[in-house]
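With PDB, C-alpha atoms inside, this is run-v8.pdb:
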ATOM      1  CA  MET C 643     -11.766 -67.877  -1.066
ATOM      2  CA  LYS C 644      -8.464 -66.208  -1.941
ATOM      3  CA  PRO C 645      -7.478 -63.161   0.137
ATOM      4  CA  LYS C 646      -7.169 -59.997  -1.904
ATOM      5  CA  VAL C 647      -3.812 -58.261  -1.520
ATOM      6  CA  LEU C 648      -2.932 -54.705  -2.517
ATOM      7  CA  HIS C 649       0.811 -54.282  -2.972
ATOM      8  CA  ILE C 650       2.029 -50.660  -2.884
ATOM      9  CA  GLY C 651       5.654 -50.479  -3.929
ATOM     10  CA  LYS C 652       8.062 -51.718  -6.560
ATOM     11  CA  ALA C 653       6.252 -53.783  -9.165
ATOM     12  CA  GLY C 654       6.996 -57.491  -9.058
ATOM     13  CA  ASN C 655       8.255 -57.732  -5.473
ATOM     14  CA  MET C 656       5.500 -60.161  -4.468
ATOM     15  CA  GLU C 657       6.525 -62.485  -7.302
ATOM     16  CA  ARG C 658      10.260 -61.859  -7.065
ATOM     17  CA  TYR C 659      10.595 -62.791  -3.409
ATOM     18  CA  ALA C 660       8.048 -65.584  -3.120
ATOM     19  CA  ALA C 661       9.925 -68.634  -1.858
ATOM     20  CA  ASP C 662       7.494 -70.806  -3.795
ATOM     21  CA  PRO C 663       5.867 -69.492  -7.011
ATOM     22  CA  GLU C 664       2.747 -71.446  -6.076
ATOM     23  CA  LEU C 665       2.144 -68.908  -3.284
ATOM     24  CA  LEU C 666       0.978 -66.437  -5.914
ATOM     25  CA  ASN C 667      -1.919 -68.749  -6.715
ATOM     26  CA  THR C 668      -3.162 -68.452  -3.128
ATOM     27  CA  ILE C 669      -3.933 -64.707  -3.369
ATOM     28  CA  GLU C 670      -5.635 -62.227  -5.671
ATOM     29  CA  LEU C 671      -2.983 -59.539  -6.229
ATOM     30  CA  THR C 672      -3.277 -55.893  -7.228
ATOM     31  CA  ASP C 673       0.212 -54.414  -7.734
ATOM     32  CA  LEU C 674       0.412 -50.603  -7.738
ATOM     33  CA  PRO C 675       3.259 -48.074  -7.335
ATOM     34  CA  MET C 676       3.688 -45.615  -4.483
ATOM     35  CA  GLY C 677       2.442 -42.052  -4.863
ATOM     36  CA  LEU C 678      -0.913 -42.656  -6.559
ATOM     37  CA  PRO C 679      -4.002 -40.733  -5.398
ATOM     38  CA  ILE C 680      -5.943 -42.494  -2.647
ATOM     39  CA  GLU C 681      -8.900 -42.682  -5.027
ATOM     40  CA  GLU C 682      -6.891 -44.842  -7.428
ATOM     41  CA  TYR C 683      -5.981 -47.383  -4.760
ATOM     42  CA  LEU C 684      -9.616 -47.558  -3.666
ATOM     43  CA  LYS C 685     -10.829 -47.830  -7.248
ATOM     44  CA  GLN C 686      -8.657 -50.883  -7.892
ATOM     45  CA  ALA C 687      -8.478 -52.586  -4.479
ATOM     46  CA  LYS C 688     -11.170 -51.218  -2.171
ATOM     47  CA  ASP C 689     -12.165 -54.727  -1.099
ATOM     48  CA  ALA C 690      -8.636 -55.995  -0.331
ATOM     49  CA  GLN C 691      -8.049 -57.671   3.024
ATOM     50  CA  VAL C 692      -4.283 -57.043   3.030
ATOM     51  CA  ILE C 693      -1.965 -54.174   2.126
ATOM     52  CA  VAL C 694       1.704 -54.996   1.615
ATOM     53  CA  ALA C 695       3.565 -51.694   1.433
ATOM     54  CA  ASP C 696       7.062 -50.398   0.795
ATOM     55  CA  ALA C 697       8.623 -49.385   4.124
ATOM     56  CA  ILE C 698       8.406 -45.693   3.167
ATOM     57  CA  ALA C 699       4.946 -45.817   1.570
ATOM     58  CA  LYS C 700       2.228 -43.564   2.985
ATOM     59  CA  ILE C 701      -0.822 -45.459   4.257
ATOM     60  CA  PRO C 702      -3.037 -42.655   5.585
ATOM     61  CA  ARG C 703      -6.330 -42.706   7.468
ATOM     62  CA  GLU C 704      -8.315 -42.000   4.297
ATOM     63  CA  LEU C 705      -7.055 -45.193   2.654
ATOM     64  CA  ILE C 706      -7.508 -47.342   5.754
ATOM     65  CA  GLU C 707     -11.053 -46.108   6.370
ATOM     66  CA  GLY C 708     -11.925 -46.573   2.701
ATOM     67  CA  MET C 709     -11.155 -50.323   2.762
ATOM     68  CA  PRO C 710     -13.894 -51.994   4.833
ATOM     69  CA  GLU C 711     -12.481 -55.524   4.445
ATOM     70  CA  LEU C 712      -8.931 -54.604   5.495
ATOM     71  CA  LEU C 713      -7.404 -56.900   8.139
ATOM     72  CA  LEU C 714      -3.648 -56.441   7.777
ATOM     73  CA  ILE C 715      -1.111 -53.812   6.715
ATOM     74  CA  HIS C 716       2.376 -55.304   6.393
ATOM     75  CA  SER C 717       5.527 -53.292   5.741
ATOM     76  CA  GLU C 718       8.014 -54.783   3.294
ATOM     77  CA  GLY C 719      10.761 -53.688   5.666
ATOM     78  CA  VAL C 720      11.428 -52.840   9.290
ATOM     79  CA  GLY C 721      10.105 -49.268   9.021
ATOM     80  CA  TYR C 722       6.405 -48.409   9.159
ATOM     81  CA  ASN C 723       6.512 -44.651   9.766
ATOM     82  CA  GLY C 724       4.149 -43.946   6.872
ATOM     83  CA  VAL C 725       1.277 -45.977   8.316
ATOM     84  CA  ASP C 726      -1.369 -44.150  10.370
ATOM     85  CA  LEU C 727      -1.248 -46.474  13.371
ATOM     86  CA  ASN C 728      -4.076 -44.717  15.183
ATOM     87  CA  ALA C 729      -6.432 -45.141  12.239
ATOM     88  CA  ALA C 730      -5.402 -48.784  11.849
ATOM     89  CA  SER C 731      -5.971 -49.526  15.534
ATOM     90  CA  GLU C 732      -9.353 -47.789  15.500
ATOM     91  CA  LYS C 733     -10.416 -49.991  12.574
ATOM     92  CA  LYS C 734      -8.921 -53.089  14.253
ATOM     93  CA  VAL C 735      -6.445 -53.511  11.405
ATOM     94  CA  LEU C 736      -3.191 -55.213  12.381
ATOM     95  CA  VAL C 737       0.043 -53.500  11.336
ATOM     96  CA  CYS C 738       3.148 -55.682  11.045
ATOM     97  CA  ASN C 739       6.765 -55.153  10.070
ATOM     98  CA  CYS C 740       9.636 -57.424   9.114
ATOM     99  CA  GLN C 741      11.608 -57.013  12.311
ATOM    100  CA  GLY C 742      15.012 -58.660  12.068
ATOM    101  CA  MET C 743      14.871 -59.285   8.311
ATOM    102  CA  ASN C 744      17.899 -57.112   7.591
ATOM    103  CA  ALA C 745      19.841 -57.402  10.834
ATOM    104  CA  SER C 746      22.726 -59.434   9.452
ATOM    105  CA  ALA C 747      22.839 -57.426   6.205
ATOM    106  CA  VAL C 748      23.000 -54.035   7.941
ATOM    107  CA  ALA C 749      25.510 -55.442  10.425
ATOM    108  CA  GLU C 750      27.787 -56.404   7.540
ATOM    109  CA  GLN C 751      27.412 -52.916   6.041
ATOM    110  CA  THR C 752      28.302 -51.426   9.422
ATOM    111  CA  ILE C 753      31.485 -53.479   9.624
ATOM    112  CA  LEU C 754      32.303 -52.558   6.017
ATOM    113  CA  LEU C 755      32.092 -48.845   6.860
ATOM    114  CA  MET C 756      34.085 -49.310  10.058
ATOM    115  CA  LEU C 757      36.883 -51.021   8.172
ATOM    116  CA  GLY C 758      36.561 -48.503   5.354
ATOM    117  CA  VAL C 759      37.196 -45.502   7.579
ATOM    118  CA  LEU C 760      39.913 -47.201   9.614
ATOM    119  CA  ARG C 761      41.841 -48.190   6.472
ATOM    120  CA  ASP C 762      40.983 -44.974   4.566
ATOM    121  CA  VAL C 763      39.630 -47.079   1.692
ATOM    122  CA  LYS C 764      38.136 -44.152  -0.219
ATOM    123  CA  ASN C 765      41.336 -42.137  -0.439
ATOM    124  CA  GLY C 766      43.569 -45.172  -0.881
ATOM    125  CA  ASP C 767      41.496 -46.253  -3.873
ATOM    126  CA  GLN C 768      41.758 -42.779  -5.422
ATOM    127  CA  ALA C 769      45.521 -42.686  -4.840
ATOM    128  CA  VAL C 770      45.952 -45.826  -6.934
ATOM    129  CA  TYR C 771      43.862 -44.366  -9.754
ATOM    130  CA  ASP C 772      45.949 -41.176  -9.565
ATOM    131  CA  GLY C 773      49.246 -43.064  -9.830
ATOM    132  CA  ASN C 774      50.173 -42.181  -6.240
ATOM    133  CA  GLN C 775      50.067 -45.658  -4.743
ATOM    134  CA  ILE C 776      53.572 -45.737  -3.284
ATOM    135  CA  THR C 777      53.371 -42.156  -2.026
ATOM    136  CA  LYS C 778      50.108 -42.876  -0.242
ATOM    137  CA  LYS C 779      51.513 -46.063   1.262
ATOM    138  CA  GLU C 780      54.632 -44.297   2.544
ATOM    139  CA  ASN C 781      52.523 -41.537   4.079
ATOM    140  CA  TYR C 782      50.463 -44.100   5.964
ATOM    141  CA  MET C 783      53.646 -45.699   7.249
ATOM    142  CA  LYS C 784      55.069 -42.349   8.389
ATOM    143  CA  GLN C 785      51.854 -41.291  10.112
ATOM    144  CA  GLY C 786      51.138 -44.685  11.656
ATOM    145  CA  ASN C 787      47.438 -43.870  11.643
ATOM    146  CA  LEU C 788      45.871 -46.963  10.079
ATOM    147  CA  LEU C 789      44.039 -48.866  12.797
ATOM    148  CA  GLU C 790      42.621 -52.346  13.192
ATOM    149  CA  LEU C 791      39.227 -52.987  14.718
ATOM    150  CA  ALA C 792      41.103 -54.713  17.525
ATOM    151  CA  ASP C 793      42.582 -51.282  18.340
ATOM    152  CA  CYS C 794      39.107 -49.864  18.860
ATOM    153  CA  LYS C 795      36.654 -49.518  21.661
ATOM    154  CA  VAL C 796      33.374 -49.572  19.778
ATOM    155  CA  GLY C 797      30.301 -47.928  21.269
ATOM    156  CA  LEU C 798      26.924 -49.020  19.918
ATOM    157  CA  VAL C 799      24.174 -46.454  20.497
ATOM    158  CA  GLY C 800      21.113 -48.669  20.674
ATOM    159  CA  PHE C 801      21.156 -52.427  21.100
ATOM    160  CA  GLY C 802      18.430 -53.991  18.997
ATOM    161  CA  ASP C 803      18.669 -56.808  16.473
ATOM    162  CA  ILE C 804      21.135 -55.013  14.183
ATOM    163  CA  ALA C 805      23.424 -53.783  16.944
ATOM    164  CA  LYS C 806      23.524 -57.260  18.459
ATOM    165  CA  SER C 807      24.531 -58.687  15.081
ATOM    166  CA  VAL C 808      27.235 -56.010  14.837
ATOM    167  CA  ALA C 809      28.490 -56.947  18.303
ATOM    168  CA  LYS C 810      28.795 -60.602  17.279
ATOM    169  CA  LEU C 811      30.864 -59.664  14.222
ATOM    170  CA  LEU C 812      33.027 -57.279  16.237
ATOM    171  CA  ASN C 813      33.844 -60.096  18.641
ATOM    172  CA  ALA C 814      35.510 -61.931  15.759
ATOM    173  CA  PHE C 815      37.698 -58.866  15.126
ATOM    174  CA  HIS C 816      38.663 -58.771  18.834
ATOM    175  CA  ALA C 817      37.281 -55.257  19.328
ATOM    176  CA  GLU C 818      36.090 -54.136  22.751
ATOM    177  CA  VAL C 819      32.333 -53.641  22.463
ATOM    178  CA  PHE C 820      30.137 -51.407  24.589
ATOM    179  CA  TYR C 821      26.512 -50.390  24.165
ATOM    180  CA  TYR C 822      23.969 -47.892  25.407
ATOM    181  CA  LYS C 823      20.206 -48.283  25.616
ATOM    182  CA  ARG C 824      17.615 -46.966  28.036
ATOM    183  CA  THR C 825      17.306 -50.292  29.854
ATOM    184  CA  PRO C 826      20.505 -52.360  30.154
ATOM    185  CA  GLU C 827      20.414 -55.973  29.038
ATOM    186  CA  SER C 828      20.777 -58.913  31.408
ATOM    187  CA  ARG C 829      24.212 -60.217  32.293
ATOM    188  CA  GLU C 830      23.459 -63.340  30.248
ATOM    189  CA  THR C 831      22.651 -61.297  27.129
ATOM    190  CA  GLU C 832      25.766 -59.170  27.552
ATOM    191  CA  GLU C 833      27.885 -62.306  27.786
ATOM    192  CA  GLU C 834      26.151 -63.813  24.734
ATOM    193  CA  TYR C 835      27.003 -60.780  22.575
ATOM    194  CA  GLY C 836      30.303 -59.851  24.190
ATOM    195  CA  ALA C 837      29.158 -56.305  24.968
ATOM    196  CA  SER C 838      29.143 -54.225  28.140
ATOM    197  CA  TYR C 839      26.701 -51.469  29.093
ATOM    198  CA  LEU C 840      27.826 -47.866  29.571
ATOM    199  CA  PRO C 841      25.746 -44.734  30.164
ATOM    200  CA  LEU C 842      25.669 -42.607  27.009
ATOM    201  CA  ASP C 843      28.089 -39.887  28.158
ATOM    202  CA  LYS C 844      30.569 -42.512  29.374
ATOM    203  CA  LEU C 845      30.183 -44.444  26.118
ATOM    204  CA  LEU C 846      30.972 -41.350  24.034
ATOM    205  CA  SER C 847      34.020 -40.414  26.094
ATOM    206  CA  SER C 848      35.401 -43.959  26.389
ATOM    207  CA  CYS C 849      35.062 -45.263  22.824
ATOM    208  CA  ASN C 850      36.925 -44.168  19.699
ATOM    209  CA  MET C 851      34.343 -45.670  17.309
ATOM    210  CA  ILE C 852      30.660 -44.760  17.742
ATOM    211  CA  SER C 853      27.977 -46.520  15.707
ATOM    212  CA  MET C 854      24.304 -45.478  15.615
ATOM    213  CA  HIS C 855      21.581 -48.137  15.931
ATOM    214  CA  VAL C 856      18.428 -46.314  17.059
ATOM    215  CA  PRO C 857      15.117 -45.663  15.288
ATOM    216  CA  VAL C 858      13.969 -42.129  14.498
ATOM    217  CA  THR C 859      11.733 -40.766  17.254
ATOM    218  CA  GLU C 860      11.186 -37.349  18.779
ATOM    219  CA  LYS C 861      13.893 -38.196  21.308
ATOM    220  CA  THR C 862      16.446 -39.535  18.818
ATOM    221  CA  TYR C 863      15.999 -36.939  16.054
ATOM    222  CA  HIS C 864      19.419 -35.201  15.739
ATOM    223  CA  MET C 865      20.614 -37.216  18.736
ATOM    224  CA  ALA C 866      24.120 -36.979  17.264
ATOM    225  CA  ASN C 867      24.458 -33.213  17.541
ATOM    226  CA  ASP C 868      27.193 -30.780  18.572
ATOM    227  CA  ALA C 869      26.912 -31.719  22.254
ATOM    228  CA  PHE C 870      27.046 -35.428  21.346
ATOM    229  CA  PHE C 871      30.230 -35.063  19.259
ATOM    230  CA  GLU C 872      31.854 -32.780  21.815
ATOM    231  CA  LYS C 873      31.745 -35.610  24.369
ATOM    232  CA  MET C 874      33.675 -37.933  22.032
ATOM    233  CA  GLN C 875      37.449 -38.367  21.989
ATOM    234  CA  ASP C 876      39.417 -36.262  19.529
ATOM    235  CA  GLY C 877      40.064 -38.193  16.324
ATOM    236  CA  SER C 878      37.163 -40.619  16.796
ATOM    237  CA  TYR C 879      35.183 -42.396  14.099
ATOM    238  CA  PHE C 880      31.424 -42.095  13.532
ATOM    239  CA  ILE C 881      29.254 -44.672  11.755
ATOM    240  CA  ASN C 882      25.572 -44.342  10.876
ATOM    241  CA  THR C 883      23.653 -47.216   9.304
ATOM    242  CA  ALA C 884      20.461 -46.418  11.231
ATOM    243  CA  ARG C 885      18.507 -43.429   9.905
ATOM    244  CA  GLY C 886      19.952 -40.188   8.569
ATOM    245  CA  GLU C 887      17.721 -38.100  10.808
ATOM    246  CA  VAL C 888      19.398 -39.330  14.002
ATOM    247  CA  ALA C 889      22.484 -37.264  13.075
ATOM    248  CA  ASP C 890      22.669 -33.506  12.491
ATOM    249  CA  SER C 891      24.480 -33.042   9.174
ATOM    250  CA  GLU C 892      25.830 -29.607  10.084
ATOM    251  CA  ALA C 893      27.151 -30.961  13.368
ATOM    252  CA  ILE C 894      28.954 -33.755  11.507
ATOM    253  CA  VAL C 895      30.695 -31.176   9.316
ATOM    254  CA  ARG C 896      31.749 -29.129  12.345
ATOM    255  CA  ALA C 897      33.077 -32.261  14.092
ATOM    256  CA  LEU C 898      35.124 -33.175  11.012
ATOM    257  CA  LYS C 899      36.479 -29.649  10.689
ATOM    258  CA  SER C 900      37.501 -29.482  14.345
ATOM    259  CA  GLY C 901      39.214 -32.873  14.302
ATOM    260  CA  LYS C 902      36.800 -34.259  16.859
ATOM    261  CA  LEU C 903      36.023 -36.825  14.161
ATOM    262  CA  ALA C 904      38.810 -38.379  12.101
ATOM    263  CA  MET C 905      36.310 -39.842   9.644
ATOM    264  CA  ALA C 906      32.627 -40.635   9.297
ATOM    265  CA  GLY C 907      31.113 -43.606   7.457
ATOM    266  CA  MET C 908      27.439 -43.313   6.577
ATOM    267  CA  ASP C 909      24.971 -45.515   4.739
ATOM    268  CA  THR C 910      22.106 -43.111   5.328
ATOM    269  CA  LEU C 911      21.789 -39.316   5.434
ATOM    270  CA  GLU C 912      18.996 -36.975   6.351
ATOM    271  CA  PHE C 913      17.231 -35.324   3.404
ATOM    272  CA  GLU C 914      17.175 -38.401   1.179
ATOM    273  CA  PRO C 915      17.148 -38.762  -1.780
ATOM    274  CA  VAL C 916      20.548 -37.085  -1.561
ATOM    275  CA  GLN C 917      21.229 -34.417  -4.190
ATOM    276  CA  LYS C 918      24.465 -32.685  -5.179
ATOM    277  CA  ASP C 919      23.651 -29.676  -2.996
ATOM    278  CA  HIS C 920      23.319 -31.786   0.186
ATOM    279  CA  ILE C 921      25.474 -30.234   2.910
ATOM    280  CA  LEU C 922      27.517 -33.395   3.433
ATOM    281  CA  VAL C 923      28.159 -33.836  -0.273
ATOM    282  CA  ASN C 924      28.777 -30.192  -1.081
ATOM    283  CA  GLN C 925      31.961 -29.809   0.968
ATOM    284  CA  PRO C 926      35.565 -28.860   0.123
ATOM    285  CA  ASP C 927      38.032 -31.660  -0.535
ATOM    286  CA  GLU C 928      39.546 -31.560   2.945
ATOM    287  CA  ILE C 929      36.137 -32.495   4.407
ATOM    288  CA  ARG C 930      34.966 -34.791   1.590
ATOM    289  CA  GLU C 931      38.040 -36.987   2.045
ATOM    290  CA  LYS C 932      36.995 -37.615   5.650
ATOM    291  CA  MET C 933      33.623 -39.113   4.702
ATOM    292  CA  LEU C 934      32.812 -42.533   3.275
ATOM    293  CA  PHE C 935      29.293 -43.031   1.922
ATOM    294  CA  SER C 936      27.225 -45.947   0.699
ATOM    295  CA  PRO C 937      23.824 -45.298  -0.919
ATOM    296  CA  HIS C 938      21.535 -46.646   1.822
ATOM    297  CA  ILE C 939      22.012 -50.265   0.731
ATOM    298  CA  GLY C 940      22.709 -51.861   4.094
ATOM    299  CA  GLY C 941      19.414 -53.697   4.339
ATOM    300  CA  ILE C 942      18.547 -54.418   0.718
ATOM    301  CA  THR C 943      20.365 -57.665   0.060
ATOM    302  CA  ALA C 944      18.490 -60.418  -1.744
ATOM    303  CA  SER C 945      18.598 -62.532   1.401
ATOM    304  CA  SER C 946      17.025 -59.728   3.448
ATOM    305  CA  PHE C 947      14.080 -59.488   1.079
ATOM    306  CA  ARG C 948      13.628 -63.248   1.022
ATOM    307  CA  ARG C 949      13.569 -63.306   4.830
ATOM    308  CA  GLY C 950      11.142 -60.383   4.917
ATOM    309  CA  TYR C 951       8.791 -61.884   2.378
ATOM    310  CA  GLY C 952       8.855 -65.142   4.280
ATOM    311  CA  MET C 953       7.354 -63.172   7.181
ATOM    312  CA  ILE C 954       4.845 -61.434   4.888
ATOM    313  CA  TRP C 955       3.537 -64.592   3.255
ATOM    314  CA  LYS C 956       3.172 -66.260   6.648
ATOM    315  CA  ALA C 957       1.278 -63.234   7.995
ATOM    316  CA  ILE C 958      -1.102 -63.319   5.019
ATOM    317  CA  ARG C 959      -1.767 -66.982   5.674
ATOM    318  CA  ASP C 960      -2.242 -66.354   9.403
ATOM    319  CA  VAL C 961      -4.872 -63.624   9.012
ATOM    320  CA  SER C 962      -6.637 -65.699   6.345
ATOM    321  CA  GLU C 963      -6.937 -68.477   8.932
ATOM    322  CA  GLY C 964      -8.062 -66.134  11.700
ATOM    323  CA  LYS C 965      -4.722 -66.239  13.514
ATOM    324  CA  THR C 966      -2.687 -63.315  14.839
ATOM    325  CA  PRO C 967       0.594 -62.917  12.910
ATOM    326  CA  HIS C 968       3.975 -62.157  14.431
ATOM    327  CA  ASN C 969       5.593 -58.702  14.573
ATOM    328  CA  VAL C 970       2.404 -56.751  15.226
ATOM    329  CA  VAL C 971       3.447 -53.161  15.978
ATOM    330  CA  ASN C 972       0.075 -51.660  16.959
TER     331      ASN C 972
END

Show the structure stored in the file as C-alpha cells.
Amino acid sequence: MKPKVLHIGKAGNMERYAADPELLNTIELTDLPMGLPIEEYLKQAKDAQVIVADAIAKIPRELIEGMPELLLIHSEGVGYNGVDLNAASEKKVLVCNCQGMNASAVAEQTILLMLGVLRDVKNGDQAVYDGNQITKKENYMKQGNLLELADCKVGLVGFGDIAKSVAKLLNAFHAEVFYYKRTPESRETEEEYGASYLPLDKLLSSCNMISMHVPVTEKTYHMANDAFFEKMQDGSYFINTARGEVADSEAIVRALKSGKLAMAGMDTLEFEPVQKDHILVNQPDEIREKMLFSPHIGGITASSFRRGYGMIWKAIRDVSEGKTPHNVVN
C-alpha cells in the first residue's frame, strides 16, 4: 500500500527534486500551498502518513492531532521552527530535518560575502556604471584598504556543519580561522578543519572578520548587539548567513556609523520579507555603501534541494518499512 504524503510548500517540489521520477509512483501525493486553513489540509489529506513541509511552514498541534495516521513530519530544509514538536512527540510522530543539505552552498555564499566586503564589490561595480572606474581604482590605491582573506583573522560564531565547511574553504585562502561554541571541539576536529577555539569575547577582540553560524534560540536572539559589536576591533567586518534574528539591525547601523564595522555582508535580515522601509535598507548613502546584501539565497542551490530531497525520500521509505529515519529532531 502506497504511503500518503501531504506536501505543504511550493507546488511541484516533490516532482522537481526526485532523483528518480519513478519515486513518485511509490506514494500518493497531495500537494498544497502554505497558509491554507487547517480544515483544508484535513479535508484533503486527513489520512496522510507523512507531511513534507517548507522549512518555514506552520505545522500546529491542531493539524497534527487531526491526522490519526501521521507517522512523519519532514522539513524541506534545515529549519523546523514552525512545527509543534511537543504535539508531535505526544502523538509519537517523528520530526526530521535535512541537516547538512545546504552546508556547502551556504559556505560558498559566506565566502562570497566575505570577499565582497573586503574588495568593496558593491561600490566598485557602481563606480564602473557611473564612469568613475579609474577614479575609484586610484582611491583604493591611495587608501590601501583592500584586503585579502589571507590578511584576516576570521572568527566563526558557532561551529556546526556550515561553519565547518566555511573553515575548510578559508583554509584554501590562507586565512587564520578561529571559532566559538559552547563546547570546544576535540583537537583532532580542530586540526581537520584548521580552526582554533577562542572564548567569545576573545574571538570578537582578536578577529577582524566575524561570521555568524548559530541557530535562532532564546539565547542567540540579537546575540550580535551593541555589546557584541563594541568588543570587536575598529574597522572590522561582519557577515551573517545564519538567521537575521541573531543580529540586532539597529545595533548594526550604530556599529557602521561609529566605524566599529567597516562593512557588513548579509544574506539574511530580521523582519523578512524585507521591505523598502526596513531599517537596514532605509539608510543614507554613507551607511548603505557599507552594506552588501544577498536575498537569502545561500542555501537554495539546486544541489542543496537535491541533497535534501534525497534525505526526504529515504525517510519516507524508512517509515513505510517500520524503520527510524535519520535526522530525527524530537

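Here atom CA of C:Met874 and atom CA of C:Lys902 stand 7.1 Å from one another.
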
Selected by the PyMOL selection byres ((chain C and resi 691) around 9) in the shown coordinates: which residues, as an mmCIF file with C-alpha atoms, in the coordinates of the input?
data_model
loop_
_atom_site.group_PDB
_atom_site.id
_atom_site.type_symbol
_atom_site.label_atom_id
_atom_site.label_comp_id
_atom_site.auth_asym_id
_atom_site.auth_seq_id
_atom_site.Cartn_x
_atom_site.Cartn_y
_atom_site.Cartn_z
ATOM 1 C CA PRO C 645 -7.478 -63.161 0.137
ATOM 2 C CA LYS C 646 -7.169 -59.997 -1.904
ATOM 3 C CA VAL C 647 -3.812 -58.261 -1.520
ATOM 4 C CA LEU C 648 -2.932 -54.705 -2.517
ATOM 5 C CA LYS C 688 -11.170 -51.218 -2.171
ATOM 6 C CA ASP C 689 -12.165 -54.727 -1.099
ATOM 7 C CA ALA C 690 -8.636 -55.995 -0.331
ATOM 8 C CA VAL C 692 -4.283 -57.043 3.030
ATOM 9 C CA ILE C 693 -1.965 -54.174 2.126
ATOM 10 C CA MET C 709 -11.155 -50.323 2.762
ATOM 11 C CA PRO C 710 -13.894 -51.994 4.833
ATOM 12 C CA GLU C 711 -12.481 -55.524 4.445
ATOM 13 C CA LEU C 712 -8.931 -54.604 5.495
ATOM 14 C CA LEU C 713 -7.404 -56.900 8.139
ATOM 15 C CA LEU C 714 -3.648 -56.441 7.777
ATOM 16 C CA ILE C 715 -1.111 -53.812 6.715
ATOM 17 C CA SER C 962 -6.637 -65.699 6.345
#

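Proximity ranking of C:Pro702, C:Gly719, C:Gly708, C:Gly766 relative to C:Gln686 places C:Gly708 first, based on only C-alpha atoms.
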
Could you list, as a PDB file with C-alpha atoms, in the frame of the given file, every residue matched by the PyMOL selection byres ((chain C and resi 725) around 8) in this structure?
ATOM      1  CA  ALA C 699       4.946 -45.817   1.570  1.00  0.00           C
ATOM      2  CA  LYS C 700       2.228 -43.564   2.985  1.00  0.00           C
ATOM      3  CA  ILE C 701      -0.822 -45.459   4.257  1.00  0.00           C
ATOM      4  CA  PRO C 702      -3.037 -42.655   5.585  1.00  0.00           C
ATOM      5  CA  TYR C 722       6.405 -48.409   9.159  1.00  0.00           C
ATOM      6  CA  ASN C 723       6.512 -44.651   9.766  1.00  0.00           C
ATOM      7  CA  GLY C 724       4.149 -43.946   6.872  1.00  0.00           C
ATOM      8  CA  ASP C 726      -1.369 -44.150  10.370  1.00  0.00           C
ATOM      9  CA  LEU C 727      -1.248 -46.474  13.371  1.00  0.00           C
TER      10      LEU C 727
END

Name the residues that the PyMOL selection byres ((chain C and resi 810-823) around 7) picks from the file above, as a list of chain:residue names, using the file's chain letters and numbers.
C:Leu791, C:Ala792, C:Asp793, C:Cys794, C:Lys795, C:Val796, C:Gly797, C:Leu798, C:Val799, C:Gly800, C:Phe801, C:Lys806, C:Ser807, C:Val808, C:Ala809, C:Arg824, C:Thr825, C:Pro826, C:Tyr835, C:Gly836, C:Ala837, C:Ser838, C:Tyr839, C:Leu840, C:Pro841, C:Leu842

Grab the residues selected above and save them as a tab-separated table (two decimals), in the frame of the given file with C-alpha atoms.
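Contents of the output file again.tsv:
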chain	number	residue	atom	x	y	z
C	791	LEU	CA	39.23	-52.99	14.72
C	792	ALA	CA	41.10	-54.71	17.52
C	793	ASP	CA	42.58	-51.28	18.34
C	794	CYS	CA	39.11	-49.86	18.86
C	795	LYS	CA	36.65	-49.52	21.66
C	796	VAL	CA	33.37	-49.57	19.78
C	797	GLY	CA	30.30	-47.93	21.27
C	798	LEU	CA	26.92	-49.02	19.92
C	799	VAL	CA	24.17	-46.45	20.50
C	800	GLY	CA	21.11	-48.67	20.67
C	801	PHE	CA	21.16	-52.43	21.10
C	806	LYS	CA	23.52	-57.26	18.46
C	807	SER	CA	24.53	-58.69	15.08
C	808	VAL	CA	27.24	-56.01	14.84
C	809	ALA	CA	28.49	-56.95	18.30
C	824	ARG	CA	17.61	-46.97	28.04
C	825	THR	CA	17.31	-50.29	29.85
C	826	PRO	CA	20.50	-52.36	30.15
C	835	TYR	CA	27.00	-60.78	22.58
C	836	GLY	CA	30.30	-59.85	24.19
C	837	ALA	CA	29.16	-56.30	24.97
C	838	SER	CA	29.14	-54.22	28.14
C	839	TYR	CA	26.70	-51.47	29.09
C	840	LEU	CA	27.83	-47.87	29.57
C	841	PRO	CA	25.75	-44.73	30.16
C	842	LEU	CA	25.67	-42.61	27.01

Non-local contacts of C:Ala730 (9 Å; all atoms listed in the file; under 5 positions in same chain excluded) as a PyMOL selection string:
chain C and resi 703+706-707+714-715+725+735-737+972

With only C-alpha atoms as the basis for distance, which of C:Gly877, C:Thr859, C:Ala866, C:Thr831 is at the shortest distance from C:Asn787?
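Of C:Gly877, C:Thr859, C:Ala866, C:Thr831, the one nearest C:Asn787, counting only C-alpha atoms, is C:Gly877.
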
Separation of atom CA of C:Glu750 from atom CA of C:Lys778 in Å
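That distance, rounded to one decimal, is 27.2 Å.
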
Nearby residues (all atoms listed in the file) at most 10 Å from C:Glu931, same-chain spacing under 5 positions excluded, as a count of residues only
7
